[in-house]
>>> print(open('protein.cif').read())   # mmCIF, C-alpha atoms and all ligand atoms
data_entry
#
loop_
_atom_site.label_atom_id
_atom_site.label_comp_id
_atom_site.auth_asym_id
_atom_site.auth_seq_id
_atom_site.Cartn_x
_atom_site.Cartn_y
_atom_site.Cartn_z
CA MET A 1 16.95 10.79 -6.00
CA ALA A 2 13.22 10.89 -5.24
CA ARG A 3 11.88 13.69 -3.04
CA ILE A 4 8.42 14.65 -1.90
CA GLY A 5 8.56 18.08 -0.29
CA ASN A 6 11.32 17.80 2.31
CA ILE A 7 11.12 14.02 2.42
CA ASP A 8 14.18 12.38 0.95
CA LEU A 9 13.20 8.92 -0.27
CA GLY A 10 16.62 7.81 -1.50
CA GLU A 11 17.73 6.68 -4.93
CA PHE A 12 14.84 4.41 -5.88
CA PRO A 13 12.18 4.07 -3.21
CA LEU A 14 10.01 1.02 -2.72
CA LEU A 15 6.60 1.94 -1.41
CA LEU A 16 4.16 -0.20 0.52
CA ALA A 17 0.75 0.23 -1.09
CA PRO A 18 -2.25 1.28 0.93
CA MET A 19 -4.46 -1.79 1.38
CA GLU A 20 -7.75 -1.82 3.24
CA ASP A 21 -7.77 -4.30 6.14
CA VAL A 22 -4.12 -5.12 5.44
CA SER A 23 -1.90 -2.00 5.72
CA ASP A 24 -2.45 -1.51 9.44
CA PRO A 25 0.33 -0.73 11.95
CA PRO A 26 1.20 -4.41 12.73
CA PHE A 27 1.63 -5.24 9.04
CA ARG A 28 3.47 -2.01 8.33
CA ALA A 29 5.94 -2.84 11.11
CA VAL A 30 7.13 -6.01 9.37
CA CYS A 31 7.31 -4.23 6.01
CA LYS A 32 9.32 -1.38 7.49
CA GLU A 33 11.72 -3.84 9.06
CA ASN A 34 12.28 -5.39 5.65
CA GLY A 35 12.98 -2.23 3.72
CA ALA A 36 9.78 -0.38 2.72
CA ASP A 37 10.88 3.23 2.13
CA LEU A 38 7.48 4.91 2.24
CA MET A 39 4.28 3.44 3.60
CA TYR A 40 0.65 4.43 3.58
CA THR A 41 -2.26 3.74 5.86
CA GLU A 42 -5.31 1.94 4.52
CA PHE A 43 -7.69 4.40 2.92
CA ILE A 44 -9.83 6.33 5.36
CA SER A 45 -13.31 7.60 4.60
CA SER A 46 -13.56 11.38 4.81
CA GLU A 47 -17.19 11.03 5.81
CA GLY A 48 -16.21 8.57 8.55
CA LEU A 49 -13.48 10.89 9.81
CA ILE A 50 -15.71 13.88 10.18
CA ARG A 51 -18.46 11.76 11.76
CA ASP A 52 -15.80 10.71 14.25
CA ALA A 53 -16.38 7.05 13.45
CA ILE A 54 -14.11 4.98 15.68
CA LYS A 55 -12.99 2.71 12.88
CA SER A 56 -11.91 5.62 10.71
CA ARG A 57 -10.16 7.41 13.59
CA GLN A 58 -8.27 4.28 14.57
CA LYS A 59 -6.76 4.14 11.09
CA LEU A 60 -5.05 7.46 11.79
CA ASP A 61 -2.74 5.75 14.30
CA ILE A 62 0.83 6.12 13.14
CA PHE A 63 4.12 5.65 14.96
CA ASP A 64 7.44 7.45 14.71
CA TYR A 65 9.38 4.37 13.62
CA GLU A 66 7.13 4.21 10.54
CA ARG A 67 8.26 7.51 9.08
CA PRO A 68 8.01 8.55 6.37
CA ILE A 69 4.35 7.61 6.34
CA GLY A 70 1.36 8.91 4.43
CA ILE A 71 -2.27 8.89 5.50
CA GLN A 72 -4.67 8.14 2.67
CA ILE A 73 -8.20 9.53 2.53
CA PHE A 74 -11.04 9.22 0.06
CA GLY A 75 -14.29 11.00 -0.59
CA GLY A 76 -16.32 12.82 -3.19
CA ASP A 77 -17.35 15.91 -1.26
CA GLU A 78 -15.15 18.99 -1.15
CA ASP A 79 -16.08 20.12 2.34
CA ALA A 80 -15.69 16.65 3.85
CA MET A 81 -12.31 16.29 2.15
CA ALA A 82 -11.17 19.70 3.40
CA MET A 83 -12.21 18.90 6.97
CA SER A 84 -10.57 15.49 6.77
CA ALA A 85 -7.36 17.03 5.49
CA LYS A 86 -7.35 19.23 8.61
CA ILE A 87 -7.89 16.22 10.85
CA VAL A 88 -5.07 14.37 9.10
CA ASP A 89 -2.83 17.42 9.40
CA ALA A 90 -3.32 17.42 13.16
CA THR A 91 -2.10 13.82 13.44
CA ASN A 92 1.19 14.89 11.86
CA PRO A 93 2.04 12.23 9.26
CA ASP A 94 4.66 13.01 6.61
CA LEU A 95 2.17 13.38 3.79
CA LEU A 96 -1.49 13.23 2.85
CA ASP A 97 -2.49 10.94 -0.02
CA ILE A 98 -5.82 11.07 -1.83
CA ASN A 99 -7.34 7.91 -3.23
CA PHE A 100 -8.64 8.37 -6.76
CA GLY A 101 -8.28 4.72 -7.69
CA CYS A 102 -10.49 2.53 -5.53
CA PRO A 103 -12.76 0.51 -7.84
CA VAL A 104 -15.14 -1.02 -5.31
CA LYS A 105 -18.85 -0.29 -5.69
CA LYS A 106 -19.47 1.10 -2.20
CA VAL A 107 -16.83 3.77 -2.90
CA VAL A 108 -17.49 4.64 -6.56
CA CYS A 109 -21.25 4.78 -5.94
CA LYS A 110 -20.59 7.71 -3.65
CA GLY A 111 -18.61 9.48 -6.38
CA ALA A 112 -15.28 8.78 -4.69
CA GLY A 113 -12.18 6.69 -5.48
CA ALA A 114 -11.89 5.80 -9.16
CA ALA A 115 -15.23 7.47 -9.93
CA VAL A 116 -13.44 10.81 -9.76
CA LEU A 117 -11.48 9.79 -12.88
CA LYS A 118 -14.69 10.48 -14.80
CA ASP A 119 -14.74 14.14 -13.74
CA LEU A 120 -11.34 15.80 -13.70
CA ASP A 121 -12.77 19.18 -12.73
CA LEU A 122 -14.11 17.51 -9.59
CA MET A 123 -10.72 15.88 -9.05
CA VAL A 124 -9.11 19.31 -9.21
CA ARG A 125 -11.63 20.76 -6.75
CA LEU A 126 -11.29 17.91 -4.25
CA THR A 127 -7.52 18.03 -4.42
CA LYS A 128 -7.34 21.80 -4.10
CA ALA A 129 -9.64 21.60 -1.08
CA CYS A 130 -7.15 19.23 0.57
CA ILE A 131 -4.08 21.21 -0.40
CA ARG A 132 -5.63 24.38 1.04
CA SER A 133 -6.44 22.62 4.32
CA THR A 134 -3.07 21.11 5.15
CA SER A 135 0.54 22.12 5.35
CA LEU A 136 1.55 18.55 4.44
CA PRO A 137 2.67 17.56 0.96
CA VAL A 138 -0.33 16.12 -0.91
CA THR A 139 0.08 13.12 -3.21
CA ILE A 140 -2.47 11.09 -5.11
CA LYS A 141 -2.90 7.45 -6.04
CA THR A 142 -4.94 6.57 -9.06
CA ARG A 143 -5.46 4.28 -12.06
CA LEU A 144 -5.07 4.69 -15.83
CA GLY A 145 -8.65 5.86 -16.25
CA TRP A 146 -12.21 4.70 -15.77
CA ASP A 147 -12.23 2.25 -18.67
CA HIS A 148 -10.09 1.35 -21.65
CA ASP A 149 -11.61 4.02 -23.89
CA SER A 150 -11.26 6.80 -21.35
CA ARG A 151 -7.70 6.32 -20.16
CA ASN A 152 -6.91 9.90 -19.14
CA ILE A 153 -3.99 9.43 -16.80
CA GLU A 154 -1.71 11.72 -18.82
CA GLU A 155 -4.14 14.60 -18.41
CA VAL A 156 -4.65 13.69 -14.74
CA VAL A 157 -0.94 13.92 -14.03
CA GLU A 158 -0.53 17.27 -15.80
CA ARG A 159 -3.50 18.83 -14.05
CA MET A 160 -2.56 17.46 -10.64
CA GLN A 161 1.03 18.65 -10.93
CA ASP A 162 -0.22 22.09 -11.97
CA ILE A 163 -2.27 22.53 -8.81
CA GLY A 164 0.53 21.43 -6.50
CA VAL A 165 0.30 17.66 -6.06
CA GLN A 166 3.79 16.52 -5.14
CA ALA A 167 3.88 12.88 -6.32
CA ILE A 168 1.57 10.43 -8.05
CA SER A 169 1.32 6.65 -7.74
CA ILE A 170 -0.29 4.99 -10.74
CA HIS A 171 -1.79 1.51 -10.76
CA GLY A 172 -1.54 0.28 -14.35
CA ARG A 173 -5.16 -0.79 -14.67
CA THR A 174 -8.46 0.95 -15.33
CA ARG A 175 -11.33 0.94 -12.88
CA MET A 176 -13.27 -1.44 -15.08
CA GLN A 177 -10.41 -3.93 -14.99
CA LEU A 178 -10.61 -4.11 -11.21
CA TYR A 179 -7.70 -6.50 -10.57
CA LYS A 180 -8.13 -8.59 -13.71
CA GLY A 181 -5.71 -8.99 -16.59
CA ASP A 182 -2.14 -7.77 -16.43
CA ALA A 183 -1.24 -4.28 -15.28
CA ASP A 184 -0.07 -2.23 -18.27
CA TRP A 185 2.65 0.27 -17.46
CA THR A 186 2.96 1.68 -21.02
CA LEU A 187 1.17 4.94 -20.21
CA ILE A 188 3.17 5.27 -17.00
CA GLY A 189 6.32 5.12 -19.15
CA LYS A 190 4.85 7.73 -21.48
CA ILE A 191 4.27 10.09 -18.57
CA LYS A 192 7.88 9.65 -17.52
CA ASN A 193 8.86 10.73 -21.04
CA ASN A 194 6.81 13.92 -20.80
CA PRO A 195 9.39 16.67 -20.21
CA ARG A 196 6.78 18.84 -18.45
CA ILE A 197 6.36 16.35 -15.62
CA HIS A 198 8.87 16.84 -12.82
CA ILE A 199 7.12 15.35 -9.75
CA PRO A 200 7.95 11.75 -8.78
CA ILE A 201 5.87 9.13 -10.56
CA PHE A 202 5.60 5.77 -8.82
CA GLY A 203 4.59 2.70 -10.82
CA ASN A 204 2.24 0.16 -9.30
CA GLY A 205 0.71 -3.12 -10.35
CA ASP A 206 1.80 -6.75 -10.35
CA ILE A 207 5.38 -6.31 -9.14
CA ASP A 208 6.12 -9.57 -7.37
CA THR A 209 9.76 -10.45 -8.05
CA PRO A 210 13.09 -8.61 -7.94
CA GLU A 211 13.63 -9.33 -11.64
CA LYS A 212 10.32 -7.79 -12.63
CA ALA A 213 10.98 -4.76 -10.43
CA LEU A 214 14.31 -4.09 -12.13
CA GLU A 215 12.92 -4.76 -15.59
CA TYR A 216 10.01 -2.33 -15.04
CA ARG A 217 12.29 0.27 -13.49
CA ASN A 218 14.50 0.19 -16.57
CA ARG A 219 11.73 -0.09 -19.12
CA TYR A 220 9.38 2.58 -17.76
CA GLY A 221 11.80 4.93 -16.00
CA VAL A 222 9.62 5.38 -12.92
CA ASP A 223 10.96 7.13 -9.82
CA GLY A 224 10.00 4.28 -7.51
CA ILE A 225 7.77 1.24 -7.29
CA MET A 226 4.75 0.65 -5.09
CA ILE A 227 4.07 -2.91 -3.98
CA GLY A 228 0.83 -4.26 -2.58
CA ARG A 229 -0.22 -7.87 -2.77
CA ALA A 230 3.27 -9.32 -3.11
CA ALA A 231 4.12 -7.97 0.35
CA ILE A 232 1.21 -9.71 2.07
CA GLY A 233 2.81 -12.50 4.11
CA TYR A 234 6.06 -11.78 2.26
CA PRO A 235 7.54 -8.51 3.53
CA TRP A 236 10.95 -9.74 2.35
CA ILE A 237 9.98 -8.64 -1.17
CA PHE A 238 11.37 -5.19 -0.30
CA ARG A 239 14.79 -6.35 0.81
CA GLU A 240 14.97 -8.87 -2.06
CA ILE A 241 14.32 -6.17 -4.66
CA LYS A 242 16.81 -3.81 -3.04
CA HIS A 243 19.49 -6.44 -2.88
CA TYR A 244 18.92 -7.47 -6.48
CA MET A 245 19.03 -3.89 -7.71
CA ALA A 246 22.25 -3.25 -5.79
CA THR A 247 24.10 -6.48 -6.60
CA GLY A 248 22.29 -8.44 -9.33
CA GLU A 249 22.01 -11.35 -6.90
CA ILE A 250 18.84 -13.05 -5.74
CA LEU A 251 18.77 -13.42 -1.96
CA PRO A 252 17.88 -16.85 -0.64
CA PRO A 253 14.26 -17.02 0.53
CA PRO A 254 13.52 -16.39 4.20
CA THR A 255 14.18 -19.30 6.52
CA ILE A 256 11.41 -20.91 8.53
CA ALA A 257 12.68 -19.05 11.56
CA GLU A 258 12.42 -15.75 9.72
CA ARG A 259 8.91 -16.55 8.47
CA LEU A 260 7.74 -17.45 11.93
CA GLY A 261 9.56 -14.46 13.41
CA ALA A 262 7.77 -12.01 11.11
CA CYS A 263 4.45 -13.77 11.63
CA ARG A 264 4.92 -13.64 15.40
CA LYS A 265 5.85 -9.95 15.32
CA HIS A 266 2.79 -9.27 13.18
CA LEU A 267 0.60 -11.21 15.61
CA GLN A 268 2.05 -9.48 18.67
CA GLY A 269 1.52 -6.11 17.01
CA SER A 270 -2.07 -7.04 16.18
CA VAL A 271 -2.76 -8.03 19.77
CA MET A 272 -1.15 -4.88 21.12
CA TRP A 273 -2.94 -2.56 18.72
CA LYS A 274 -6.34 -4.26 18.48
CA GLY A 275 -6.59 -6.12 21.77
CA GLU A 276 -6.18 -9.87 22.24
CA LYS A 277 -9.50 -11.08 20.90
CA LEU A 278 -9.66 -9.00 17.71
CA GLY A 279 -5.90 -9.14 17.18
CA ILE A 280 -5.95 -12.95 17.12
CA LEU A 281 -9.06 -13.02 14.96
CA GLU A 282 -7.80 -10.60 12.34
CA MET A 283 -4.40 -12.26 12.19
CA ARG A 284 -6.10 -15.39 10.84
CA ARG A 285 -6.25 -13.97 7.35
CA HIS A 286 -2.46 -13.72 7.21
CA TYR A 287 -1.26 -17.21 8.16
CA ALA A 288 -1.78 -18.73 4.70
CA SER A 289 0.45 -16.06 3.16
CA TYR A 290 3.23 -16.40 5.73
CA LEU A 291 3.25 -20.17 5.28
CA LYS A 292 2.85 -20.16 1.51
CA GLY A 293 5.22 -22.46 -0.31
CA LEU A 294 5.65 -24.89 2.59
CA SER A 295 4.53 -28.37 1.69
CA HIS A 296 1.84 -30.14 3.74
CA VAL A 297 1.14 -27.07 5.81
CA LYS A 298 -2.64 -27.26 5.61
CA GLU A 299 -3.10 -28.96 8.96
CA PHE A 300 -1.07 -26.28 10.76
CA ARG A 301 -2.98 -23.55 8.99
CA THR A 302 -6.31 -25.03 9.97
CA ARG A 303 -5.23 -25.25 13.59
CA LEU A 304 -3.90 -21.68 13.59
CA VAL A 305 -7.20 -20.29 12.36
CA SER A 306 -9.25 -22.33 14.82
CA THR A 307 -7.70 -21.29 18.10
CA ASP A 308 -8.30 -18.22 20.25
CA SER A 309 -5.34 -18.80 22.51
CA LEU A 310 -2.00 -17.03 22.13
CA ASN A 311 -0.25 -19.87 23.96
CA HIS A 312 -1.73 -22.38 21.61
CA ILE A 313 -0.66 -20.34 18.57
CA GLU A 314 2.86 -20.19 20.00
CA ASP A 315 2.83 -23.99 20.45
CA ILE A 316 1.82 -24.43 16.81
CA PHE A 317 4.60 -22.06 15.70
CA GLY A 318 6.99 -24.27 17.70
CA GLU A 319 5.73 -27.41 15.96
CA ILE A 320 6.09 -25.75 12.55
CA ALA A 321 9.64 -24.67 13.41
CA ARG A 322 10.56 -28.22 14.39
CA GLN A 323 8.88 -29.86 11.42
CA TYR A 324 10.38 -27.58 8.80
CA ALA A 325 13.80 -26.96 10.35
CA GLU A 326 16.55 -27.58 7.81
CA MET A 327 14.06 -27.20 4.99
CA GLN A 328 13.90 -24.11 2.77
CA PRO A 329 10.51 -23.23 1.38
CA ALA A 330 10.04 -23.68 -2.34
C1 LIG B 1 -6.82 -6.09 -0.15
C2 LIG B 1 -6.53 -4.84 -0.91
C3 LIG B 1 -6.91 -3.62 -0.38
C4 LIG B 1 -6.63 -2.43 -1.06
N1 LIG B 1 -6.95 -1.24 -0.47
C5 LIG B 1 -6.53 -0.07 -1.06
C6 LIG B 1 -6.67 1.18 -0.39
O1 LIG B 1 -7.15 1.25 0.75
N2 LIG B 1 -6.22 2.29 -1.04
C7 LIG B 1 -5.66 2.25 -2.29
O2 LIG B 1 -5.26 3.28 -2.83
N3 LIG B 1 -5.51 1.07 -2.93
C8 LIG B 1 -5.91 -0.08 -2.35
N4 LIG B 1 -5.66 -1.27 -2.96
C9 LIG B 1 -4.92 -1.28 -4.24
C10 LIG B 1 -3.41 -1.43 -3.97
O3 LIG B 1 -2.92 -0.31 -3.27
C11 LIG B 1 -2.64 -1.59 -5.29
O4 LIG B 1 -2.87 -0.46 -6.09
C12 LIG B 1 -3.06 -2.83 -6.07
O5 LIG B 1 -3.15 -3.95 -5.23
C13 LIG B 1 -2.07 -3.13 -7.20
O6 LIG B 1 -0.78 -3.35 -6.71
P1 LIG B 1 -0.16 -4.82 -6.50
O7 LIG B 1 -0.29 -5.53 -7.82
O8 LIG B 1 1.27 -4.59 -6.11
O9 LIG B 1 -0.98 -5.49 -5.45
C14 LIG B 1 -5.98 -2.46 -2.32
C15 LIG B 1 -5.61 -3.69 -2.85
C16 LIG B 1 -5.87 -4.87 -2.17
C17 LIG B 1 -5.45 -6.18 -2.78
#
>>> encode(input="protein.cif", output="structure tokens", more="lines below")
Ligand SMILES: Cc1cc2nc3c(=O)[nH]c(=O)nc-3n(C[C@H](O)[C@H](O)[C@H](O)COP(=O)(O)O)c2cc1C
Amino acid sequence: MARIGNIDLGEFPLLLAPMEDVSDPPFRAVCKENGADLMYTEFISSEGLIRDAIKSRQKLDIFDYERPIGIQIFGGDEDAMAMSAKIVDATNPDLLDINFGCPVKKVVCKGAGAAVLKDLDLMVRLTKACIRSTSLPVTIKTRLGWDHDSRNIEEVVERMQDIGVQAISIHGRTRMQLYKGDADWTLIGKIKNNPRIHIPIFGNGDIDTPEKALEYRNRYGVDGIMIGRAAIGYPWIFREIKHYMATGEILPPPTIAERLGACRKHLQGSVMWKGEKLGILEMRRHYASYLKGLSHVKEFRTRLVSTDSLNHIEDIFGEIARQYAEMQPA
């Protein structure tokens, strides 16, 4: 049984990873519907939050049906992190997560995200500043280390647990790897074998099938698995893994009607949350994933990303439904 503070996450939780420009409320809604046990917002800049930047503030939007939900922040300055933790606290999510894993230049250049892996004293100070400023459980998400020769995740976990961090999600890559190569969960397994570690450890990186999820659960002994890219356009990954773990059976893939249903719900959510113009525009990046695996779908995709009209999109969905009825995607 995995617990974070008072939050009961069940036997073996599946977490939706925080993903910038992806893990927004409309996307989270379809993941929740399909079995995500704990979800996170996209990361939010602490500097942006305290500047009251609209884009950062909008990312704080959470809804009751999403619970349990964590808000993720990043930053390299203690005061900004403390103030952000207070702002997050006031929005009343279930937990506050700190990003110590983001590899992108604009973040690490400011001494935030994965850059903090190079200075564990700073990591301790930033984390303590957040813990002091919120009554929420604080968790962190990080990587194995900055580069191959400085993989310090074991020390990170010990020090974070000691100052009161309540769970840690670990992406099995270093910062220098970015998203290249295969995620290596060996050190994650080692941490799970450390008798001193009692907080939940969630494994992350490259889980994209029910078989792999079960294999990694058994091999590395993690308390839950966090899934990112495999859920984009395929929120059924959560229910498929759950079903496989419970029964050993692989569920049939979603039908065309289910694919279009989730895509429509995602689109409607986007329009409601972002307004019609932006909602339609930002939904464009998701069609390819929802339609992946369907043969000869390119023409539909092109039309979906070239129209600004909800009615027209609905017409195209109707055409897709008719064309692919009876057919199961590969
Ligand atoms: C488009 C995209 C955006 C991401 N944004 C964030 C983020 O905001 N915060 C974070 O902690 N990780 C972020 N990540 C990393 C993911 O949370 C996750 O650690 C990574 O994708 C590995 O998991 P996966 O193999 O299941 O995708 C992002 C990843 C992607 C692909």
>>> residues_near_ligand(input="protein.cif", ligand="ligand LIG 1 (chain B)", cutoff="10 Å", atoms="all atoms listed in the file", output="PDB file with C-alpha atoms, keeping the file's coordinate frame")
ATOM      1  CA  LEU A  15       6.600   1.940  -1.410  1.00  0.00           C
ATOM      2  CA  LEU A  16       4.160  -0.200   0.520  1.00  0.00           C
ATOM      3  CA  ALA A  17       0.750   0.230  -1.090  1.00  0.00           C
ATOM      4  CA  PRO A  18      -2.250   1.280   0.930  1.00  0.00           C
ATOM      5  CA  MET A  19      -4.460  -1.790   1.380  1.00  0.00           C
ATOM      6  CA  GLU A  20      -7.750  -1.820   3.240  1.00  0.00           C
ATOM      7  CA  ASP A  21      -7.770  -4.300   6.140  1.00  0.00           C
ATOM      8  CA  VAL A  22      -4.120  -5.120   5.440  1.00  0.00           C
ATOM      9  CA  SER A  23      -1.900  -2.000   5.720  1.00  0.00           C
ATOM     10  CA  TYR A  40       0.650   4.430   3.580  1.00  0.00           C
ATOM     11  CA  THR A  41      -2.260   3.740   5.860  1.00  0.00           C
ATOM     12  CA  GLU A  42      -5.310   1.940   4.520  1.00  0.00           C
ATOM     13  CA  PHE A  43      -7.690   4.400   2.920  1.00  0.00           C
ATOM     14  CA  ILE A  44      -9.830   6.330   5.360  1.00  0.00           C
ATOM     15  CA  SER A  45     -13.310   7.600   4.600  1.00  0.00           C
ATOM     16  CA  GLN A  72      -4.670   8.140   2.670  1.00  0.00           C
ATOM     17  CA  ILE A  73      -8.200   9.530   2.530  1.00  0.00           C
ATOM     18  CA  PHE A  74     -11.040   9.220   0.060  1.00  0.00           C
ATOM     19  CA  ASP A  97      -2.490  10.940  -0.020  1.00  0.00           C
ATOM     20  CA  ILE A  98      -5.820  11.070  -1.830  1.00  0.00           C
ATOM     21  CA  ASN A  99      -7.340   7.910  -3.230  1.00  0.00           C
ATOM     22  CA  PHE A 100      -8.640   8.370  -6.760  1.00  0.00           C
ATOM     23  CA  GLY A 101      -8.280   4.720  -7.690  1.00  0.00           C
ATOM     24  CA  CYS A 102     -10.490   2.530  -5.530  1.00  0.00           C
ATOM     25  CA  PRO A 103     -12.760   0.510  -7.840  1.00  0.00           C
ATOM     26  CA  VAL A 104     -15.140  -1.020  -5.310  1.00  0.00           C
ATOM     27  CA  GLY A 113     -12.180   6.690  -5.480  1.00  0.00           C
ATOM     28  CA  ALA A 114     -11.890   5.800  -9.160  1.00  0.00           C
ATOM     29  CA  ILE A 140      -2.470  11.090  -5.110  1.00  0.00           C
ATOM     30  CA  LYS A 141      -2.900   7.450  -6.040  1.00  0.00           C
ATOM     31  CA  THR A 142      -4.940   6.570  -9.060  1.00  0.00           C
ATOM     32  CA  ARG A 143      -5.460   4.280 -12.060  1.00  0.00           C
ATOM     33  CA  SER A 169       1.320   6.650  -7.740  1.00  0.00           C
ATOM     34  CA  ILE A 170      -0.290   4.990 -10.740  1.00  0.00           C
ATOM     35  CA  HIS A 171      -1.790   1.510 -10.760  1.00  0.00           C
ATOM     36  CA  GLY A 172      -1.540   0.280 -14.350  1.00  0.00           C
ATOM     37  CA  ARG A 173      -5.160  -0.790 -14.670  1.00  0.00           C
ATOM     38  CA  LEU A 178     -10.610  -4.110 -11.210  1.00  0.00           C
ATOM     39  CA  TYR A 179      -7.700  -6.500 -10.570  1.00  0.00           C
ATOM     40  CA  ASP A 182      -2.140  -7.770 -16.430  1.00  0.00           C
ATOM     41  CA  ALA A 183      -1.240  -4.280 -15.280  1.00  0.00           C
ATOM     42  CA  GLY A 203       4.590   2.700 -10.820  1.00  0.00           C
ATOM     43  CA  ASN A 204       2.240   0.160  -9.300  1.00  0.00           C
ATOM     44  CA  GLY A 205       0.710  -3.120 -10.350  1.00  0.00           C
ATOM     45  CA  ASP A 206       1.800  -6.750 -10.350  1.00  0.00           C
ATOM     46  CA  ILE A 207       5.380  -6.310  -9.140  1.00  0.00           C
ATOM     47  CA  ASP A 208       6.120  -9.570  -7.370  1.00  0.00           C
ATOM     48  CA  ILE A 225       7.770   1.240  -7.290  1.00  0.00           C
ATOM     49  CA  MET A 226       4.750   0.650  -5.090  1.00  0.00           C
ATOM     50  CA  ILE A 227       4.070  -2.910  -3.980  1.00  0.00           C
ATOM     51  CA  GLY A 228       0.830  -4.260  -2.580  1.00  0.00           C
ATOM     52  CA  ARG A 229      -0.220  -7.870  -2.770  1.00  0.00           C
ATOM     53  CA  ALA A 230       3.270  -9.320  -3.110  1.00  0.00           C
ATOM     54  CA  ALA A 231       4.120  -7.970   0.350  1.00  0.00           C
ATOM     55  CA  ILE A 232       1.210  -9.710   2.070  1.00  0.00           C
TER      56      ILE A 232
END
>>> residues_around(input="protein.cif", residues="segment 266-271 of chain A", least_positions_apart="5", cutoff="12 Å", atoms="only C-alpha atoms", output="ChimeraX atom specification")
/A:21-33,232-235,259-261,276-287,290,304,308-311,313-314,317
>>> write_last_selection(input="protein.cif", atoms="C-alpha atoms", output="PDB file, in the coordinates of the input")
ATOM      1  CA  ASP A  21      -7.770  -4.300   6.140  1.00  0.00           C
ATOM      2  CA  VAL A  22      -4.120  -5.120   5.440  1.00  0.00           C
ATOM      3  CA  SER A  23      -1.900  -2.000   5.720  1.00  0.00           C
ATOM      4  CA  ASP A  24      -2.450  -1.510   9.440  1.00  0.00           C
ATOM      5  CA  PRO A  25       0.330  -0.730  11.950  1.00  0.00           C
ATOM      6  CA  PRO A  26       1.200  -4.410  12.730  1.00  0.00           C
ATOM      7  CA  PHE A  27       1.630  -5.240   9.040  1.00  0.00           C
ATOM      8  CA  ARG A  28       3.470  -2.010   8.330  1.00  0.00           C
ATOM      9  CA  ALA A  29       5.940  -2.840  11.110  1.00  0.00           C
ATOM     10  CA  VAL A  30       7.130  -6.010   9.370  1.00  0.00           C
ATOM     11  CA  CYS A  31       7.310  -4.230   6.010  1.00  0.00           C
ATOM     12  CA  LYS A  32       9.320  -1.380   7.490  1.00  0.00           C
ATOM     13  CA  GLU A  33      11.720  -3.840   9.060  1.00  0.00           C
ATOM     14  CA  ILE A 232       1.210  -9.710   2.070  1.00  0.00           C
ATOM     15  CA  GLY A 233       2.810 -12.500   4.110  1.00  0.00           C
ATOM     16  CA  TYR A 234       6.060 -11.780   2.260  1.00  0.00           C
ATOM     17  CA  PRO A 235       7.540  -8.510   3.530  1.00  0.00           C
ATOM     18  CA  ARG A 259       8.910 -16.550   8.470  1.00  0.00           C
ATOM     19  CA  LEU A 260       7.740 -17.450  11.930  1.00  0.00           C
ATOM     20  CA  GLY A 261       9.560 -14.460  13.410  1.00  0.00           C
ATOM     21  CA  GLU A 276      -6.180  -9.870  22.240  1.00  0.00           C
ATOM     22  CA  LYS A 277      -9.500 -11.080  20.900  1.00  0.00           C
ATOM     23  CA  LEU A 278      -9.660  -9.000  17.710  1.00  0.00           C
ATOM     24  CA  GLY A 279      -5.900  -9.140  17.180  1.00  0.00           C
ATOM     25  CA  ILE A 280      -5.950 -12.950  17.120  1.00  0.00           C
ATOM     26  CA  LEU A 281      -9.060 -13.020  14.960  1.00  0.00           C
ATOM     27  CA  GLU A 282      -7.800 -10.600  12.340  1.00  0.00           C
ATOM     28  CA  MET A 283      -4.400 -12.260  12.190  1.00  0.00           C
ATOM     29  CA  ARG A 284      -6.100 -15.390  10.840  1.00  0.00           C
ATOM     30  CA  ARG A 285      -6.250 -13.970   7.350  1.00  0.00           C
ATOM     31  CA  HIS A 286      -2.460 -13.720   7.210  1.00  0.00           C
ATOM     32  CA  TYR A 287      -1.260 -17.210   8.160  1.00  0.00           C
ATOM     33  CA  TYR A 290       3.230 -16.400   5.730  1.00  0.00           C
ATOM     34  CA  LEU A 304      -3.900 -21.680  13.590  1.00  0.00           C
ATOM     35  CA  ASP A 308      -8.300 -18.220  20.250  1.00  0.00           C
ATOM     36  CA  SER A 309      -5.340 -18.800  22.510  1.00  0.00           C
ATOM     37  CA  LEU A 310      -2.000 -17.030  22.130  1.00  0.00           C
ATOM     38  CA  ASN A 311      -0.250 -19.870  23.960  1.00  0.00           C
ATOM     39  CA  ILE A 313      -0.660 -20.340  18.570  1.00  0.00           C
ATOM     40  CA  GLU A 314       2.860 -20.190  20.000  1.00  0.00           C
ATOM     41  CA  PHE A 317       4.600 -22.060  15.700  1.00  0.00           C
TER      42      PHE A 317
END
>>> residues_around(input="protein.cif", residues="Ile320 of chain A", least_positions_apart="2", cutoff="9 Å", atoms="all atoms listed in the file", output="PyMOL selection string")
chain A and resi 256+260+297+300+315-318+322-325
>>> residues_near_point(input="protein.cif", point="(-7.6, 7.1, 11.9)", cutoff="10 Å", atoms="all atoms listed in the file", output="list in words")
Thr41, Glu42, Phe43, Ile44, Ser45, Gly48, Leu49, Asp52, Ala53, Ile54, Lys55, Ser56, Arg57, Gln58, Lys59, Leu60, Asp61, Ile62, Ile71, Gln72, Ile73, Ile87, Val88 and Thr91 of chain A
>>> atom_distance(input="protein.cif", atom1="atom CA of Ile199 of chain A", atom2="atom CA of Arg219 of chain A")
18.6 Å
>>> atom_distance(input="protein.cif", atom1="atom CA of Leu9 of chain A", atom2="atom CA of Asp184 of chain A")
25.0 Å
>>> closest_residue(input="protein.cif", among="A:Pro210, A:Pro252, A:Gly111, A:Pro200", to="Ile7 of chain A", atoms="all atoms listed in the file")
A:Pro200
>>> closest_atom_pairs(input="protein.cif", of="segment 32-131 of chain A", to="segment 237-249 of chain A", cutoff="8 Å", atoms="only C-alpha atoms", output="Markdown table")
| residue | atom | partner | partner_atom | distance |
| --- | --- | --- | --- | --- |
| A:Asn34 | CA | A:Arg239 | CA | 5.5 |
| A:Gly35 | CA | A:Phe238 | CA | 5.2 |
| A:Ala36 | CA | A:Phe238 | CA | 5.9 |
